[in-house]
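Asks: Below is the structure I would like to discuss, written out as C-alpha cells.
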Amino acid sequence: LSTAFRLPYLFLEKLFFLPNLGPSVLPSLMEPEPSKQDNERSVGMAQVIPSGTNMDLTQDILDSLNVAQASEDNKKNLDDLGGTDGLASRMGLNLKTGLTDSQVEASRERYGANIFPEKPMKSFLTLFVESFNDTTLIILIIAAFVSLIVGSYEDPDKGWIEGLAILIAVLLVSTVTATNDYQKEKQFRDLEKNSEALDRCTVIRNGETLRVNPDLLVVGDVVSLKSGDGIPADGILFEGSGVKCNESALTGEPDDLKKDFFKDPFFLSSCVVTDTGTSGDAKVVCVGIGKDSQWGKIKANLTSEAANTPLQDKLEDMVELIGKGGGGAALLTFCALIAMIWLKYDGEDPWTHVIEAFIIAVTIIVVAIPEGLPLAVTISLSYSSKQMLSEGNLIRQLQACETMGNATNICTDKTGTLTENRMTIVEGFFAGKAIDQDAFETVTPSEVMKADFALNCAVNSNVFLQDKDENGKAYDRAKVVGSATEGAMVLLLRKWGINYQASRDTYFSTSRDMQFPFNSTKKRSTVILCDYPSGDSKVKLLCKGASEVILADCTHFADESGAKQPMTEAKRKEFLDLIDQMAGRALRTLAIAHKDYKDLNAIPANYRTDPPDSSDLILDAIVGIIDPLRSDVKDAVKTAQGAGVMVRMVTGDNIITARAIAQQCGILTGTGETLTKEMYEQLKADPAKLNAMLPNVACIEGPVYRNLTPAQADLVLERVQVMARSSPDDKYLMVTRLNGHGLPANQKEWETLHPGRNYESEKDLFLPGYKDEWKASRPNGGQVVGVTGDGTNDAPALKASDVGLSMGITGTKVAQNASDVVITDDKFSSIVRAILWGRSVYDNIRRFLQFQLTVNVVALALVFIGSVAGFPPPLNAVMMLWVNLIMDTMGALALGTEKPTAALLLRQPYLRDSALVSKPMWRNILFQSAYQLILLLVLLFEGTAMFGDKFLRGDYCMNWKLSNGDKSYDLTAIGSLEVKEQYNGVGVIGSDLSAQSYYTTTETGDGTTCGDFYRVCGSDNNGECYQDNFASNYDTGFKSACLDNCAKTDYDYTHFTIIFNAFVWCQIFNEFNARQIKNDPNILSGIMQSKMFLLVIIVTVLFQIFVVELGGDWVRTTHIEFNYWAWSVLFGAGSIPVGLLMRLCPIWNEEDEESFFGYVMPS
C-alpha cells in the first residue's frame, strides 16, 4: 500500500471493520518509507482487542508452529493463521496487556502447565541389582555358595550356616550400597529442582508486569526477555529488533542466531537470549510449554549423571592403592591358611580348608577396599549442600562445595554483594544547580529539573517497579526488577510524582524508536526518540552512563532555565570536582545527557546500529547514588581475610568511589598505591620505575591492568585489592592470570587470541600470557579463585574461575548457567559461609579417612598374624563384613556430617595438591593402630590365661563324635604321655613305654581302635581333652581317621567373641578420637550438635550387642558374661587416653607449612 492510501484506508477500516493491517503495512505520513529494519520492528505489532477464543486453537495447530529444525515450515503455518496477530486473535489475547487471570486458568486447564517431563530415576531394585556388579562381591557370593554346598554335605544339620550367613551379609552390604546410590541420585535431582525453584521470568498479565516461576507459564502468556535471560517456553517473537539467541543447548548450533519476523521468529525453551539488539527487551507469546515444547519432547529421554568431584577422584585413586595393599594382605593370608592345612591339620579335609581360606581372603579384600571413602564425600556433600541452601548458597556443581574450602582469592562485585542493592539518589547537579544531601531530601523539583532528566530516566531504562509479590502481598518498599541503578532513577521519578510507565508509553515506541542497552565498553546506554513531539527538534538522543566518561563527551550543559551553555574547561573542572567529592563519600555517580536533531535526515545514517552518543552531548544532570553497605559485610570480609583469602573488589565505579567503599568494608588494607590511567601513561616510559611501584599497588583501573605485560600483572596481583572502571574482560584477565585456566597452551592458540601479533617477539607482552610461562613462575600451581558475577558478560570469568558464584536476585540466566554456586541472597557473607562449609567437607573426609585407615591396618594385620600363628581367623568372614559396614557406611555417616566450626576459618587454605593425610593424621593412625593391634594380639595369645583359663584358645569343639569306633588306630602315636599311660592300661605288653613298639594291627589282637578315644577323653565334653592331648600333634591323622566334623552347635566361640567385641569397641571409641585430626585434645567439642554422630554410635552399640549375643553359629559368636563385656568396653575405651597421649607427642604434631597456600593481608 502506498503512503497516499493510508488515510482513506483508515476511514474505511473503521466504517466497514476491515482488518487492522498495523503500522508495518500502513506507514506514517510523517515518516519516510520504512526500511527492512523498520518492518522487522513493526510486523505483528498491532495491538488489537481480540475477539476470538482459544477453543478452536488445538494442540495440533500449536504443534504445527513448533516443529524441530523446520523454521520455514513453521513460519508458513504461522502466516496461514494470520501471523502473530491472527494467532493472538484465536487465543483471545491482547498482546499489550497479556492474559487475564481467567484466561490463564482456562489455558492451563486446556494445554497443561509448563512442567517438563523427567526421565524416571532408577528404582531401588535396579540399583540393588547393579550393586552386585562388584567383582569382589561376585567372588564372595560364589565362595559362599561353595561353602553352603560343601558344608551341607559334610554336616547336614549345621554345615550350611556359614555360607548362608555370608550371603545374608553380602545382601546387607548390597542393600546399603543401593541405598547410598539411590540417595546420591536423589540428591543430584534435588539440586536441579532447587535451582529451578529459584528461577523467575517476566510475564505480562492483566496489563501488569510480573515476575513468576516459569512453571506457572501457560500457552498464550506474553513473556518479556532481556539479554542474558533463559527462554522458559517455546514462543513466537512479536516485538524486538536485532534479537539473537543461542540455541546450542538444544540444537548444538554454536553461533548465535538472529531472530526476526520474516524468517525465524521462533524462540526455544532451554536456550538463552544473548542480545536484544536495539530493543530493551524481546516480547514473545508462548505456544509450546512443558512436554509439548521442543525441549520437553527430548528431556524425557535425557538424564544428567552425577559426575565425580575432584576430591572423589582423588579418593578413588587412594581406594585403588589401598585395595592393592589389601589384595596383597589377602594373598599372604590365603597362602598362610593353605599352609596350615598340612602344618596343623595334616592334610585333613583339604577342600573344606581351601574354601574357608578362599572366603577369608576374599573377605579381606572386601574389607580392605574402602568403598566408604567416595561414599563419605557424597554423604558430606549432600549434607553440606542442603545446609548451605538454607544459608544462601545453591550448589549447582557439587565439586564447588569442596573447592570453595580452599579458595585463596575472591573476586567480588560491589553492587548487591557488598552493598544492599537498594540504590537511592541522594544528591547531585540538576539544571545548572548542585543540591547536597541535606537539601535534596526536601527539594521541590522545577519543571526544568524534570524535563530531559525525567524523560531520560523513564525511557532510557528497562527497569520496572513491582509493588506486590506473587501472592498479592504488598512490599514494604517497591521491588526493583532490573538494574538497581535504573531503579534508583525511576524511584526518584515516583517520589516526584512522575509516572515513569506513562512517560514510556507516551514518548517511546518500539516500532519507531531505538534503544541500546548498557554497553560495558562505552559505559553508557542510549535511546533515540525518532518522533519527539516537542519543540523544533523532532529527534532526541538520550544518554546516561559513567559520569566522567559522559562528561568527557559533553560540549554543553543545561542551565537553570534549561538553555544550553558551553562546557568551558573551568566548568568541566567544576563538574569533575563535584564527581570526586561525591565519589569520596562512597556515592556512585551517574551522568545524564542528551542531544537534539531536527529530524531523521540530520542524524547519521547508521544510527540504528551505531548511535551517535559519544560527542556533542548536553549535560542535564549528575546524580550521586548511595547503596548502603550490607550490615554484615565488614565482619564477613574480615573473616575471609583471616582465613588467608584475598578479597578483591572488581567494579565499574570510578576509582575514588571504589577506594572509598573498599575502605568502608575493610577490603582495602594497609596503605597501598593507587594507579590510575593518567599515572600509568606517565610511568610507562620508565619501566623500571613502573615495575618498582607495581607490587605496592592496592587500587588499579581496568584500562591500566589490561595493558600490563603478564610479568607486570603478576607483580600487581601480589597486592591489588581494588580494580575500578573494569570491564568483564578485565575481570576475566585477572582470573586467568591467577589460576591459569584458559591460557593459550601453544603458539596456535596464542595467535588466535592475538591476531596479527608475532608470537616469538610479543608473547611476553600481552595478557593473559601463555601456559608454559605461567607454570614456570608458579612451582606450587595457581590460586584457587572464586568469582562473583551477575551479567551476561561475566560468563567467561565465571567459567574461567575455580568456583563461579552468580547472583540469585540480580543475576542473568547466562551468568547462573555459567556458575557453580548461586548466591540466593546476593550477600558476600554467604560466600564466606560457602568457604566455611567447603573446609568442613574437606576436614570431614579427612576425619573419616583417619578412622578407616586405622580399622584397615588393624583388621588385616590381626587376621594375617592369627592365620600364620596357626589360629583359625580371629575375625571370620561374617565378622569382617559387619566391621566393613561399621567403618564404611556408618563411619561415613558419623564423621561425614560434622558441622563446621568458626575455627576452620582461622587457618590458611590448603594447596591444590596437598596430601589428604597429614603428618598429625599419620601419627594418630599409627598410635591407634599400634595400641589396638597389641591389645588384640595379647588377647589372641594370652586371652585364656588373662581370664583364668575359663575357656580355651580359638574356636574349639566341645564335643567330638566318633566316626569309626572299631577302626584300628595306633593311639600311642599321638605322642602324649597321658594318653600312652591310659593306653598302656588296656593290654600293652611291657611297662617301659620308651622301649615299646606301638605299631599294632587288628590281626595281632593287641592293637587299639578309634573307640578307645572315649576311654581317654570321655564321650561328652571331650573337647578340652582333645585340644590338650590330640590337636597338638600335627602328624597323627587321628581326626580324619576317627572323628566326625564337629557340629556347629558344639563349638565354643568365647575366645574369638571377646576379641571381636574388643575390636569393635576400639573402633567405636576411636570414632571419637577421629573427630579431631590435629592436636586438639577435646574430642567431645560440639558433640551435642553432632546429632548424626551420636545416633550412629548408639545404633552401632545396639547392633554390636545384637550380633554378639544373638549371632550364634551365624556369626560364630556366643553369649559372654557381663565381666567379659565390661573388659571389652574397657579395652576399647583405652583408645581415648592413647589419643590424648599421642596428641602430646612432639612427633609430627604440626602440618607442613608447605601444605598451605594463602595470603597474609598487607598492612
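Labels for the C-alpha cells follow display order: chains A, B, ..., residues from 1 in each chain, ligands from 1.
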Mind checking which residues fall within 8 Å of Tyr597 of chain A, counting only C-alpha atoms, ignoring those fewer than 5 positions away in the same chain, and posting them as a tab-separated table (two decimals) with N, CA, C and O atoms, in the first residue's frame?
Replies:
chain	number	residue	atom	x	y	z
A	537	SER	N	13.02	20.34	17.50
A	537	SER	CA	13.81	19.12	17.29
A	537	SER	C	12.90	17.90	17.41
A	537	SER	O	12.29	17.66	18.46
A	538	LYS	N	12.79	17.18	16.32
A	538	LYS	CA	11.91	16.01	16.29
A	538	LYS	C	12.62	14.72	16.68
A	538	LYS	O	11.98	13.70	16.89
A	539	VAL	N	13.94	14.74	16.73
A	539	VAL	CA	14.71	13.54	17.11
A	539	VAL	C	15.54	13.89	18.34
A	539	VAL	O	16.26	14.90	18.34
A	540	LYS	N	15.39	13.06	19.38
A	540	LYS	CA	16.12	13.32	20.63
A	540	LYS	C	16.90	12.07	21.01
A	540	LYS	O	16.34	10.97	21.08
A	541	LEU	N	18.20	12.27	21.27
A	541	LEU	CA	19.07	11.19	21.75
A	541	LEU	C	19.25	11.38	23.25
A	541	LEU	O	19.66	12.46	23.70
A	602	ALA	N	18.91	14.59	9.77
A	602	ALA	CA	20.07	15.24	10.38
A	602	ALA	C	20.94	14.26	11.17
A	602	ALA	O	22.09	14.58	11.48
A	603	ILE	N	20.39	13.13	11.46
A	603	ILE	CA	21.13	12.15	12.26
A	603	ILE	C	21.94	11.25	11.34
A	603	ILE	O	21.53	10.99	10.19
Asks: I'd like the neighbourhood of Leu465 of chain A as a ChimeraX atom specification, where a residue qualifies if any of its atoms comes within 8 Å (using only C-alpha atoms), though same-chain residues fewer than 4 positions away should be ignored.
Replies: /A:478-481,487
Asks: Convert the current residue selection to file output with N, CA, C and O atoms, as a CSV table (one decimal), in the first residue's frame.
Replies:
chain,number,residue,atom,x,y,z
A,478,ALA,N,8.9,-0.7,47.2
A,478,ALA,CA,8.7,-1.2,45.8
A,478,ALA,C,9.9,-2.0,45.4
A,478,ALA,O,11.1,-1.6,45.6
A,479,LYS,N,9.7,-3.2,44.9
A,479,LYS,CA,10.8,-4.0,44.5
A,479,LYS,C,11.2,-3.6,43.0
A,479,LYS,O,10.4,-3.5,42.1
A,480,VAL,N,12.5,-3.4,42.9
A,480,VAL,CA,13.1,-3.1,41.6
A,480,VAL,C,13.4,-4.4,40.8
A,480,VAL,O,14.1,-5.2,41.3
A,481,VAL,N,12.8,-4.5,39.7
A,481,VAL,CA,13.1,-5.7,38.8
A,481,VAL,C,13.9,-5.1,37.6
A,481,VAL,O,13.4,-4.4,36.8
A,487,GLY,N,16.7,1.5,38.8
A,487,GLY,CA,15.6,1.5,39.7
A,487,GLY,C,15.7,2.8,40.6
A,487,GLY,O,14.6,3.3,41.0
Asks: So that I can check the surroundings of segment 921-931 of chain A, please list as an NGL selection string every protein, DNA and RNA residue that reaches within 8 Å of it, counting only C-alpha atoms and ignoring chain neighbours fewer than 3 positions away.
Replies: :A and (850-851 or 853-855 or 857-858 or 917-918 or 934-935 or 1070 or 1077-1078 or 1135 or 1138-1139 or 1142-1143 or 1147-1149)
Asks: Among segment 273-451 of chain A, which ones does DSSP place in strand (DSSP E or B), written as number ranges by chain?
Replies: A: 273-275, 277, 282-288, 393-395, 409-412, 419, 424-430, 433-435
Asks: Counting only C-alpha atoms, figure out which residue out of A:Lys244, A:Lys950, A:Arg757, A:Lys96 gets nearest to Val285 of chain A.
Replies: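 Closest candidate: A:Lys96.
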Asks: What does the distance from atom CA of Leu939 of chain A to atom CA of Gln1067 of chain A come to in Å, to one decimal?
Replies: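 The value is 16.3 Å.
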Asks: Could you go through segment 489-658 of chain A and tell me which residues DSSP, when run on the backbone, assigns to helix (DSSP H, G or I), listing them as a PyMOL selection string?
Replies: chain A and resi 489-495+500-507+547-552+569-584+633-642+655-658
Asks: Find the residue from A:Gly781, A:Pro900, A:Pro873, A:Gly1112 that sits nearest to Phe1056 of chain A; use only C-alpha atoms when measuring.
Replies: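 Of all the options, A:Pro873 lies closest to Phe1056 of chain A.
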Asks: Restrict the calculation to only C-alpha atoms, then for each residue of segment 635-737 of chain A with any atom at most 12 Å from an atom of segment 796-813 of chain A give the closest atom pair and their distance in Å to one decimal, rows by chain and rising residue number, as CSV.
Replies:
residue,atom,partner,partner_atom,distance
A:Val650,CA,A:Ala797,CA,11.7
A:Ser727,CA,A:Ala797,CA,10.9
A:Pro728,CA,A:Ala797,CA,7.3
A:Asp729,CA,A:Ala797,CA,7.8
A:Asp730,CA,A:Ala797,CA,9.0
A:Lys731,CA,A:Ala797,CA,6.3
A:Tyr732,CA,A:Ala797,CA,4.4
A:Leu733,CA,A:Ala797,CA,8.0
A:Met734,CA,A:Ala797,CA,8.7
A:Val735,CA,A:Ser801,CA,6.2
A:Thr736,CA,A:Ala800,CA,6.4
A:Arg737,CA,A:Ala800,CA,10.1
